[in-house]
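Engineer: Just one file: query_21.txt, with compact mmCIF, C-alpha atoms and all ligand atoms.
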# COMPACT_ATOMS: atom_id res chain seq x y z
CA MET A 1 33.76 80.39 121.84
CA ASP A 2 36.38 79.06 119.46
CA ALA A 3 34.79 80.84 116.54
CA VAL A 4 34.86 84.15 118.43
CA TRP A 5 38.52 83.65 119.15
CA MET A 6 39.19 82.91 115.48
CA LEU A 7 37.52 86.09 114.32
CA PRO A 8 40.39 88.50 115.00
CA VAL A 9 42.84 85.98 113.49
CA LEU A 10 40.76 85.70 110.34
CA LEU A 11 40.62 89.47 110.11
CA VAL A 12 44.24 90.12 110.97
CA LEU A 13 45.79 87.42 108.79
CA PRO A 14 44.55 88.78 105.44
CA LEU A 15 45.48 92.24 106.64
CA LEU A 16 49.01 91.04 107.38
CA LEU A 17 49.28 89.36 104.01
CA TRP A 18 47.89 92.40 102.28
CA THR A 19 50.33 94.67 103.99
CA SER A 20 53.30 92.34 103.74
CA SER A 21 54.80 94.22 100.81
CA THR A 22 54.47 97.37 102.90
CA PHE A 23 56.19 95.54 105.73
CA VAL A 24 59.01 94.48 103.38
CA PHE A 25 59.32 98.09 102.22
CA TYR A 26 59.83 99.47 105.73
CA PHE A 27 61.95 96.53 106.78
CA LYS A 28 64.36 96.93 103.86
CA LYS A 29 64.53 100.69 104.30
CA CYS A 30 65.25 100.45 108.02
CA PHE A 31 67.77 97.71 107.40
CA TYR A 32 69.52 99.83 104.77
CA VAL A 33 69.89 102.85 107.02
CA ALA A 34 70.86 100.85 110.12
CA TYR A 35 73.32 98.69 108.23
CA MET A 36 75.00 101.64 106.52
CA MET A 37 75.32 103.31 109.92
CA LEU A 38 76.89 100.15 111.29
CA LEU A 39 79.27 99.79 108.35
CA ALA A 40 80.30 103.38 108.90
CA VAL A 41 81.09 102.58 112.56
CA ILE A 42 83.57 99.99 111.30
CA ALA A 43 84.85 102.13 108.45
CA ILE A 44 85.58 105.21 110.59
CA PRO A 45 88.53 103.77 112.58
CA VAL A 46 89.83 101.96 109.48
CA CYS A 47 89.90 105.26 107.55
CA ILE A 48 91.49 107.15 110.44
CA LEU A 49 94.17 104.51 110.91
CA LYS A 50 94.89 104.31 107.19
CA SER A 51 95.08 107.97 106.33
CA GLY A 52 94.91 109.92 109.57
CA GLY A 53 91.76 111.92 108.72
CA ARG A 54 89.88 113.46 105.81
CA ASP A 55 91.43 111.98 102.67
CA ILE A 56 90.06 111.01 99.27
CA GLU A 57 91.87 107.67 99.51
CA ASN A 58 89.29 106.73 102.18
CA MET A 59 86.79 106.34 99.34
CA ARG A 60 88.51 103.03 98.55
CA VAL A 61 87.64 101.73 102.02
CA ILE A 62 84.06 102.99 101.72
CA ARG A 63 83.67 101.53 98.21
CA PHE A 64 84.96 98.15 99.38
CA MET A 65 82.67 98.08 102.41
CA VAL A 66 79.48 99.10 100.60
CA ARG A 67 79.84 96.69 97.65
CA HIS A 68 78.00 93.74 99.24
CA VAL A 69 75.01 95.67 100.61
CA LYS A 70 73.09 95.15 97.35
CA TYR A 71 72.78 91.41 98.00
CA PHE A 72 70.84 91.97 101.22
CA LEU A 73 68.38 94.23 99.41
CA GLY A 74 67.94 91.92 96.41
CA LEU A 75 69.52 94.39 94.01
CA ARG A 76 71.89 93.76 91.13
CA PHE A 77 73.75 96.14 88.85
CA GLN A 78 74.43 95.79 85.16
CA VAL A 79 77.11 98.18 84.00
CA SER A 80 77.81 99.18 80.42
CA GLY A 81 80.37 101.62 79.04
CA TRP A 82 83.18 100.85 81.53
CA GLU A 83 85.64 101.91 78.84
CA HIS A 84 84.49 105.52 79.11
CA LEU A 85 85.81 105.65 82.68
CA GLN A 86 89.30 104.73 81.48
CA THR A 87 90.23 108.41 81.28
CA ASP A 88 93.37 109.71 82.93
CA GLY A 89 93.36 112.69 85.26
CA PRO A 90 90.50 114.64 86.78
CA TYR A 91 86.96 114.76 85.42
CA VAL A 92 83.45 115.53 86.59
CA ILE A 93 80.91 112.69 86.69
CA ILE A 94 77.27 113.68 86.44
CA SER A 95 74.42 111.27 87.10
CA ASN A 96 70.69 111.24 87.79
CA HIS A 97 69.56 110.93 91.40
CA GLN A 98 66.51 108.89 92.40
CA SER A 99 67.06 107.82 95.98
CA SER A 100 69.64 107.31 98.71
CA LEU A 101 69.97 103.82 97.15
CA ASP A 102 72.04 105.54 94.44
CA VAL A 103 74.99 105.22 96.82
CA LEU A 104 75.05 101.48 96.05
CA GLY A 105 75.39 102.14 92.31
CA VAL A 106 77.97 104.85 92.90
CA MET A 107 80.11 102.41 94.86
CA GLU A 108 79.83 99.80 92.06
CA ILE A 109 81.70 102.01 89.63
CA LEU A 110 83.38 104.77 91.65
CA PRO A 111 86.77 105.39 90.04
CA ASP A 112 89.88 105.91 92.19
CA ARG A 113 90.44 109.44 93.52
CA CYS A 114 86.78 110.31 93.06
CA THR A 115 84.61 111.87 95.73
CA MET A 116 81.22 113.57 95.64
CA ILE A 117 79.34 116.79 96.12
CA ALA A 118 76.53 116.59 98.66
CA LYS A 119 74.18 118.80 100.60
CA LYS A 120 75.68 119.96 103.88
CA GLU A 121 72.86 118.42 105.95
CA LEU A 122 74.41 115.01 105.26
CA ILE A 123 77.26 115.72 107.65
CA TRP A 124 74.75 115.43 110.50
CA ALA A 125 73.68 111.91 109.44
CA GLY A 126 75.46 110.28 112.38
CA THR A 127 78.23 107.87 111.50
CA VAL A 128 77.35 108.11 107.79
CA GLY A 129 77.97 111.87 108.00
CA MET A 130 81.33 111.24 109.62
CA ILE A 131 82.33 108.76 106.91
CA CYS A 132 81.26 111.26 104.23
CA TRP A 133 83.56 113.82 105.82
CA LEU A 134 86.43 111.34 106.03
CA GLY A 135 85.88 110.43 102.36
CA GLY A 136 86.51 114.02 101.34
CA ILE A 137 82.92 114.71 100.28
CA VAL A 138 82.48 118.38 99.38
CA PHE A 139 79.51 119.82 101.25
CA ILE A 140 77.46 122.64 99.80
CA ASN A 141 74.78 124.84 101.29
CA ARG A 142 71.91 124.76 98.81
CA GLN A 143 70.07 127.52 100.64
CA LYS A 144 73.01 129.91 100.20
CA THR A 145 73.72 129.68 96.48
CA SER A 146 76.61 132.15 96.61
CA ASP A 147 78.36 130.02 99.24
CA ALA A 148 77.71 126.88 97.17
CA LYS A 149 79.24 128.54 94.10
CA ASN A 150 82.34 129.56 96.06
CA VAL A 151 82.78 126.07 97.43
CA MET A 152 82.47 124.67 93.91
CA SER A 153 84.99 127.17 92.51
CA ASP A 154 87.44 126.11 95.22
CA ALA A 155 86.69 122.50 94.31
CA ALA A 156 87.64 123.23 90.69
CA LYS A 157 91.08 124.35 91.89
CA THR A 158 91.49 121.41 94.28
CA MET A 159 90.54 119.01 91.49
CA LEU A 160 93.50 120.13 89.44
CA ALA A 161 95.96 120.57 92.30
CA ASP A 162 95.23 117.16 93.87
CA LYS A 163 94.15 115.26 90.73
CA ILE A 164 90.69 114.59 92.06
CA ARG A 165 87.50 113.52 90.30
CA LEU A 166 84.13 114.76 91.46
CA TRP A 167 80.70 113.14 91.22
CA VAL A 168 77.80 115.60 91.05
CA PHE A 169 74.05 115.03 90.89
CA PRO A 170 73.10 117.95 88.64
CA GLU A 171 69.38 117.57 89.36
CA GLY A 172 70.29 118.93 92.82
CA THR A 173 67.80 116.71 94.65
CA ARG A 174 66.31 113.22 94.59
CA ASN A 175 63.77 112.64 91.86
CA GLN A 176 61.60 109.65 91.02
CA ASN A 177 59.04 111.16 88.70
CA GLY A 178 60.04 109.04 85.73
CA GLY A 179 62.28 111.57 84.02
CA LEU A 180 65.12 113.93 84.85
CA LEU A 181 64.70 117.27 86.63
CA PRO A 182 66.18 120.31 84.87
CA PHE A 183 69.90 120.44 85.58
CA LYS A 184 71.47 122.97 87.97
CA LYS A 185 74.50 124.67 86.51
CA GLY A 186 77.16 124.00 89.15
CA ALA A 187 78.60 120.81 87.64
CA PHE A 188 79.10 122.50 84.28
CA HIS A 189 80.76 125.60 85.78
CA LEU A 190 82.98 123.22 87.71
CA ALA A 191 84.06 121.28 84.61
CA ILE A 192 84.61 124.42 82.54
CA GLN A 193 86.52 126.22 85.29
CA ALA A 194 88.82 123.21 85.67
CA GLN A 195 88.78 122.56 81.89
CA VAL A 196 88.18 118.86 82.54
CA PRO A 197 85.84 116.46 80.73
CA ILE A 198 82.38 115.51 81.93
CA ILE A 199 81.45 111.84 82.09
CA PRO A 200 77.68 111.32 82.20
CA ILE A 201 76.40 108.19 83.95
CA VAL A 202 72.76 107.17 83.87
CA PHE A 203 70.96 104.96 86.41
CA SER A 204 67.91 103.18 84.97
CA SER A 205 64.56 103.91 86.59
CA TYR A 206 63.94 102.29 89.98
CA SER A 207 60.19 102.30 89.39
CA ASN A 208 60.03 98.59 88.54
CA PHE A 209 61.21 97.62 92.03
CA TYR A 210 61.13 100.66 94.31
CA LEU A 211 58.08 102.85 94.65
CA ARG A 212 58.17 105.29 97.53
CA LYS A 213 54.51 106.29 97.36
CA GLU A 214 53.17 102.77 96.90
CA LYS A 215 55.50 101.50 99.66
CA GLU A 216 57.00 98.82 97.47
CA PHE A 217 60.58 97.60 97.56
CA LYS A 218 61.07 94.43 95.53
CA SER A 219 64.19 92.83 94.10
CA GLY A 220 65.49 94.32 90.90
CA THR A 221 68.31 94.95 88.50
CA ILE A 222 69.62 98.44 87.88
CA THR A 223 71.38 99.29 84.65
CA LEU A 224 74.21 101.79 84.92
CA LYS A 225 75.22 103.26 81.60
CA VAL A 226 78.48 105.17 81.41
CA LEU A 227 78.34 107.53 78.43
CA PRO A 228 81.24 108.89 76.37
CA LYS A 229 83.01 111.86 77.93
CA ILE A 230 82.17 115.39 76.86
CA GLU A 231 85.25 117.58 76.47
CA THR A 232 85.23 121.12 77.88
CA LYS A 233 88.67 122.31 76.72
CA GLY A 234 88.36 125.81 75.34
CA LEU A 235 84.81 126.31 76.62
CA THR A 236 84.01 129.40 78.70
CA THR A 237 81.28 130.50 81.11
CA ASP A 238 79.20 131.50 78.07
CA ASP A 239 78.99 127.84 77.09
CA VAL A 240 77.58 126.61 80.42
CA THR A 241 73.94 126.64 79.31
CA THR A 242 74.65 124.86 76.02
CA LEU A 243 76.81 122.27 77.76
CA SER A 244 74.15 121.69 80.38
CA GLU A 245 71.40 121.31 77.76
CA GLN A 246 73.57 119.01 75.66
CA SER A 247 74.31 116.80 78.68
CA PHE A 248 70.65 116.78 79.71
CA GLY A 249 69.55 115.66 76.23
CA ILE A 250 72.08 112.84 76.07
CA MET A 251 71.27 111.62 79.57
CA ARG A 252 67.51 111.84 79.14
CA SER A 253 67.59 109.69 75.99
CA ALA A 254 69.88 107.17 77.68
CA PHE A 255 67.56 107.11 80.71
CA MET A 256 64.53 106.38 78.51
CA GLU A 257 66.46 103.78 76.56
CA ILE A 258 67.68 101.79 79.58
CA SER A 259 64.52 102.21 81.66
CA GLY A 260 62.21 100.88 78.95
CA GLN A 261 58.80 99.67 80.08
CA SER A 262 59.15 100.74 83.70
CA VAL A 263 59.21 104.38 82.72
CA GLN A 264 56.63 104.08 79.93
CA SER A 265 54.05 102.98 82.48
CA ASN A 266 54.98 105.31 85.33
CA GLY A 267 56.63 108.39 84.00
CA PRO A 268 54.74 111.57 83.32
CA SER A 269 57.53 112.85 81.12
CA THR A 270 57.29 110.08 78.53
CA HIS A 271 53.90 111.32 77.27
C1 LIG B 301 81.43 102.10 104.66
C2 LIG B 301 80.50 102.85 105.39
C3 LIG B 301 79.16 103.00 104.87
C4 LIG B 301 78.94 104.37 104.66
C5 LIG B 301 77.67 104.71 104.12
C6 LIG B 301 77.76 105.93 103.33
C7 LIG B 301 78.21 105.61 102.03
C8 LIG B 301 78.77 106.42 101.25
C9 LIG B 301 79.06 107.78 101.50
C10 LIG B 301 78.81 108.56 100.31
C11 LIG B 301 77.43 109.01 100.26
C12 LIG B 301 77.33 110.27 99.57
C13 LIG B 301 76.06 110.42 98.95
C14 LIG B 301 75.97 111.73 98.36
C15 LIG B 301 74.69 111.91 97.76
C16 LIG B 301 74.22 113.24 98.07
C17 LIG B 301 73.61 113.90 96.91
C18 LIG B 301 73.18 115.23 97.24
O1 LIG B 301 73.32 115.73 98.29
S1 LIG B 301 72.39 116.00 95.97
C19 LIG B 301 72.19 117.59 96.55
C20 LIG B 301 73.43 118.41 96.47
N1 LIG B 301 73.91 118.53 95.14
C21 LIG B 301 73.61 119.52 94.33
O2 LIG B 301 72.91 120.45 94.66
C22 LIG B 301 74.18 119.47 92.95
C23 LIG B 301 75.03 120.57 92.72
N2 LIG B 301 74.28 121.84 92.67
C24 LIG B 301 74.62 122.84 91.88
O3 LIG B 301 75.55 122.59 91.15
C25 LIG B 301 73.87 124.14 91.84
O4 LIG B 301 74.11 124.70 90.61
C26 LIG B 301 74.29 125.18 92.93
C27 LIG B 301 73.98 124.62 94.31
C28 LIG B 301 75.76 125.53 92.83
C29 LIG B 301 73.45 126.48 92.70
O5 LIG B 301 72.14 126.14 92.64
P1 LIG B 301 70.95 127.12 92.20
O6 LIG B 301 71.24 128.52 92.50
O7 LIG B 301 69.72 126.57 92.80
O8 LIG B 301 70.76 126.90 90.65
P2 LIG B 301 71.52 127.19 89.28
O9 LIG B 301 70.44 127.47 88.31
O10 LIG B 301 72.38 126.05 88.97
O11 LIG B 301 72.43 128.46 89.44
C30 LIG B 301 71.94 129.79 89.52
C31 LIG B 301 72.88 130.73 88.79
O12 LIG B 301 74.21 130.65 89.30
C32 LIG B 301 75.13 130.25 88.29
N3 LIG B 301 76.13 129.32 88.86
C33 LIG B 301 75.92 128.08 89.38
N4 LIG B 301 77.06 127.54 89.80
C34 LIG B 301 78.04 128.44 89.55
C35 LIG B 301 79.44 128.44 89.74
N5 LIG B 301 80.08 127.36 90.30
N6 LIG B 301 80.12 129.51 89.36
C36 LIG B 301 79.49 130.56 88.79
N7 LIG B 301 78.16 130.64 88.58
C37 LIG B 301 77.44 129.59 88.95
C38 LIG B 301 74.29 129.59 87.23
O13 LIG B 301 74.89 129.68 85.96
C39 LIG B 301 72.99 130.36 87.32
O14 LIG B 301 73.09 131.57 86.61
P3 LIG B 301 72.44 131.74 85.14
O15 LIG B 301 72.63 133.19 84.84
O16 LIG B 301 71.02 131.32 85.26
O17 LIG B 301 73.22 130.85 84.24
C1 LIG B 302 71.61 110.55 113.75
C2 LIG B 302 71.16 111.01 112.40
C3 LIG B 302 70.33 110.01 111.67
C4 LIG B 302 70.29 110.28 110.17
C5 LIG B 302 69.86 109.09 109.40
C6 LIG B 302 70.20 109.19 107.93
C7 LIG B 302 71.31 108.29 107.61
C8 LIG B 302 71.25 107.74 106.23
C9 LIG B 302 71.87 106.43 106.32
C10 LIG B 302 72.10 105.57 105.38
C11 LIG B 302 71.96 105.80 103.98
C12 LIG B 302 73.29 105.76 103.38
C13 LIG B 302 73.44 106.60 102.21
C14 LIG B 302 73.41 108.01 102.58
C15 LIG B 302 73.62 108.92 101.46
C16 LIG B 302 72.36 109.35 100.81
C17 LIG B 302 72.33 110.77 100.59
C18 LIG B 302 71.15 111.23 99.86
O1 LIG B 302 70.60 110.60 98.99
O2 LIG B 302 70.79 112.46 100.21
C19 LIG B 302 69.69 113.04 99.61
C20 LIG B 302 70.12 114.21 98.78
O3 LIG B 302 70.92 113.77 97.79
C21 LIG B 302 69.00 114.98 98.17
O4 LIG B 302 68.26 115.45 99.16
P1 LIG B 302 66.77 115.95 98.99
O5 LIG B 302 66.05 115.00 98.05
O6 LIG B 302 66.83 117.33 98.43
O7 LIG B 302 66.25 115.89 100.38
How does this structure look as structure tokens?
Ligand SMILES: CCCCCC/C=C\CCCCCCCCCC(=O)SCCNC(=O)CCNC(=O)[C@H](O)C(C)(C)COP(=O)(O)OP(=O)(O)OC[C@H]1O[C@@H](n2cnc3c(N)ncnc32)[C@H](O)[C@@H]1OP(=O)(O)O
Ligand SMILES: CCCCCCCC/C=C\CCCCCCCC(=O)OC[C@@H](O)COP(=O)(O)O
Structural biologist:
Amino acid sequence: MDAVWMLPVLLVLPLLLWTSSTFVFYFKKCFYVAYMMLLAVIAIPVCILKSGGRDIENMRVIRFMVRHVKYFLGLRFQVSGWEHLQTDGPYVIISNHQSSLDVLGVMEILPDRCTMIAKKELIWAGTVGMICWLGGIVFINRQKTSDAKNVMSDAAKTMLADKIRLWVFPEGTRNQNGGLLPFKKGAFHLAIQAQVPIIPIVFSSYSNFYLRKEKEFKSGTITLKVLPKIETKGLTTDDVTTLSEQSFGIMRSAFMEISGQSVQSNGPSTH
């Protein structure tokens, strides 16, 4: 009788152990989303009281409130090249985009008066959407390219008028294939139209701790490398492609350099 009772336990226990990393994966992901939603609930009234509505200064509140989330997820950031962010006035930051976890890295180094460009669907992400709106995030419709271009041209003017910096993910979507996706052109048009420098920032590969397909989410350290600014003064629309290719080359080498082994073993683009 006892033995029969033990049978399911003996079967279930190894299964539980075997799937525990899967459990950790879902647990951490759910925690991340729920906790960010909760933080946003607190941040919304603070932002409204501080600045009365949509205002780039709200990014300070958001940055402050997100900074500790990494500890709960077992993540650490190692930043190099801080000095390259010591640039006065507006600029465009471009970085690679692997996951929604990138927000944690963004908030580690987000300069003052810097907001982001994001897909418009994000505004519907509950309290997080609301906080994005309050933080002055510029929403673009990726399905309607002409609209997106207009919004970005307006952003170029606002950048100069209000002395704002903008963070763009030029890959245009999340990507964890071990390399960088070809860059969209918007960020480079933006920088050239505003005649402001581009500061490339590279996040090392997440593949040594976070694997979406394998359902793995371990602890890990992410290297953030801020690269020297690329000037755009005097460049015109004709230079967009060259500028984009130049930036891609620099960022791809930096990505390979700081991602090391984790990309060598996972990335299709390392050959
Ligand atoms: C405290 C509380 C807790 C709160 C929790 C929340 C915490 C924090 C909140 C912050 C969270 C924010 C997180 C944000 C992350 C979100 C990230 C994203 O959403 S990524 C997705 C959106 N981003 C992008 O798409 C990147 C920008 N995209 C572009 O720049 C694209 O270029 C485009 C959308 C403008 C156009 O795309 P597309 O047509 O597909 O491709 P292209 O090849 O780039 O362009 C086609 C041709 O058009 C020309 N072009 C492009 N832009 C312009 C322009 N501005 N002006 C003129 N012409 C333009 C381009 O040159 C191409 O023509 P060609 O002849 O081939 O050169
Ligand atoms: C009631 C609505 C519920 C919505 C739940 C979603 C809420 C998300 C909550 C917490 C995460 C906080 C960080 C959010 C910012 C992450 C944005 C992001 O990474 O968007 C993906 C986008 O770059 C690329 O999109 P695609 O890869 O093209 O797709």
Engineer: For Val66 (chain A), which of A:Ile109, A:Met116, A:Leu134, A:Ile258 is the closest residue, counting all atoms listed in the file?
Structural biologist: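 The shortest atom-to-atom distance to Val66 (chain A) comes from A:Ile109.
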Engineer: Which is closest to Ser100 (chain A) among A:Phe25, A:Phe64, A:Tyr32, A:Phe72, if we use all atoms listed in the file?
Structural biologist: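 Among the listed residues, the smallest separation from Ser100 (chain A) belongs to A:Tyr32.
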Engineer: In terms of the shortest atom-to-atom distance over all atoms listed in the file, which of A:Lys185, A:Lys50, A:His84, A:Lys157 is closest to ligand LIG 301 (chain B)?
Structural biologist: A:Lys185
Engineer: Which is closer to ligand LIG 302 (chain B) than all the others in A:Ile93, A:Val106, A:Val46, A:Val9, using only C-alpha atoms and all ligand atoms?
Structural biologist: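 When distances to ligand LIG 302 (chain B) are compared using only C-alpha atoms and all ligand atoms, the smallest one comes from A:Val106.
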Engineer: Between A:Ala118, A:Ala187, A:Ala156, A:Val69, which has the minimum distance to Val33 (chain A) (counting only C-alpha atoms)?
Structural biologist: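 Nearest candidate to Val33 (chain A) out of A:Ala118, A:Ala187, A:Ala156, A:Val69: A:Val69.
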Engineer: Can you tell me which residues come within 8 Å of ligand LIG 302 (chain B) when counting only C-alpha atoms and all ligand atoms, ideally as number ranges by chain?
Structural biologist: A: 32-37, 97-103, 118-119, 122, 124-129, 169, 172-175
Engineer: So how many Å separate CA of Asp88 (chain A) and CA of Ala194 (chain A), to one decimal?
Structural biologist: 14.5 Å
Engineer: Can you tell me, as a list in words, what residues are no more than 12 Å from Pro111 (chain A) when counting all atoms listed in the file, ignoring any on the same chain fewer than 6 positions away?
Structural biologist: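 Using all atoms listed in the file, the neighbours found are Ile56, Glu57, Met59, Arg60, Arg63, Phe64, Trp82, Glu83, His84, Leu85, Gln86, Thr87, Asp88, Gly89, Pro90, Tyr91, Val92, Ile93, Ile164, Arg165, Leu166, Trp167, Ile199 and Val226 of chain A.
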Engineer: So which one's closest to ligand LIG 301 (chain B), A:Val202, A:Cys47, A:Met159, A:Val24? Using only C-alpha atoms and all ligand atoms, please.
Structural biologist: A:Cys47
Engineer: Near region 215-225 of chain A, counting all atoms listed in the file, which residues have an atom at most 8 Å away, once you skip same-chain residues fewer than 6 positions from it, shown as JSON, numbers by chain?
Structural biologist: {"A": [21, 22, 24, 25, 26, 28, 73, 74, 75, 76, 77, 78, 79, 80, 81, 105, 201, 202, 203, 204, 205, 206, 208, 209, 254, 258]}
Engineer: Write the residues of the preceding selection, restricted to C-alpha atoms, as a PDB file, keeping the file's coordinate frame.
Structural biologist:
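Contents of selection.pdb, as written:
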ATOM      1  CA  SER A  21      54.800  94.220 100.810  1.00  0.00           C
ATOM      2  CA  THR A  22      54.470  97.370 102.900  1.00  0.00           C
ATOM      3  CA  VAL A  24      59.010  94.480 103.380  1.00  0.00           C
ATOM      4  CA  PHE A  25      59.320  98.090 102.220  1.00  0.00           C
ATOM      5  CA  TYR A  26      59.830  99.470 105.730  1.00  0.00           C
ATOM      6  CA  LYS A  28      64.360  96.930 103.860  1.00  0.00           C
ATOM      7  CA  LEU A  73      68.380  94.230  99.410  1.00  0.00           C
ATOM      8  CA  GLY A  74      67.940  91.920  96.410  1.00  0.00           C
ATOM      9  CA  LEU A  75      69.520  94.390  94.010  1.00  0.00           C
ATOM     10  CA  ARG A  76      71.890  93.760  91.130  1.00  0.00           C
ATOM     11  CA  PHE A  77      73.750  96.140  88.850  1.00  0.00           C
ATOM     12  CA  GLN A  78      74.430  95.790  85.160  1.00  0.00           C
ATOM     13  CA  VAL A  79      77.110  98.180  84.000  1.00  0.00           C
ATOM     14  CA  SER A  80      77.810  99.180  80.420  1.00  0.00           C
ATOM     15  CA  GLY A  81      80.370 101.620  79.040  1.00  0.00           C
ATOM     16  CA  GLY A 105      75.390 102.140  92.310  1.00  0.00           C
ATOM     17  CA  ILE A 201      76.400 108.190  83.950  1.00  0.00           C
ATOM     18  CA  VAL A 202      72.760 107.170  83.870  1.00  0.00           C
ATOM     19  CA  PHE A 203      70.960 104.960  86.410  1.00  0.00           C
ATOM     20  CA  SER A 204      67.910 103.180  84.970  1.00  0.00           C
ATOM     21  CA  SER A 205      64.560 103.910  86.590  1.00  0.00           C
ATOM     22  CA  TYR A 206      63.940 102.290  89.980  1.00  0.00           C
ATOM     23  CA  ASN A 208      60.030  98.590  88.540  1.00  0.00           C
ATOM     24  CA  PHE A 209      61.210  97.620  92.030  1.00  0.00           C
ATOM     25  CA  ALA A 254      69.880 107.170  77.680  1.00  0.00           C
ATOM     26  CA  ILE A 258      67.680 101.790  79.580  1.00  0.00           C
TER      27      ILE A 258
END
Engineer: Which value, in Å to one decimal, gives the distance between atom O16 of ligand LIG 301 (chain B) and CA of Lys233 (chain A)?
Structural biologist: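 About the pair atom O16 of ligand LIG 301 (chain B) and CA of Lys233 (chain A): they are 21.6 Å apart.
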Engineer: Each side padded by 5 Å, which centre and which edge lengths in Å (one decimal) define the axis-aligned box around the listed atoms of region 239-250 of chain A? Give them as JSON.
Structural biologist:
{"center_x": 74.3, "center_y": 120.3, "center_z": 78.0, "size_x": 19.4, "size_y": 25.0, "size_z": 14.8}
Engineer: Could you pull the residues within 9 Å of Thr232 (chain A), counting only C-alpha atoms, minus those fewer than 6 positions along the same chain, as a list of chain:residue names?
Structural biologist: A:Phe188, A:Ala191, A:Ile192, A:Ala194, A:Gln195, A:Val196, A:Pro197, A:Ile198, A:Leu243
Engineer: Could you tell me how far atom S1 of ligand LIG 301 (chain B) sits from CA of Met130 (chain A), in Å to one decimal place?
Structural biologist: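 Pair CA of Met130 (chain A) / atom S1 of ligand LIG 301 (chain B) returns 17.0 Å.
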Engineer: Taking 6 positions as the minimum chain separation for residues in the same chain, which residues sit within 12 Å of Val61 (chain A) when counting all atoms listed in the file? Answer as a PyMOL selection string.
Structural biologist: chain A and resi 39-40+42-51+55+67+107+110+112-113+131-132+134-135
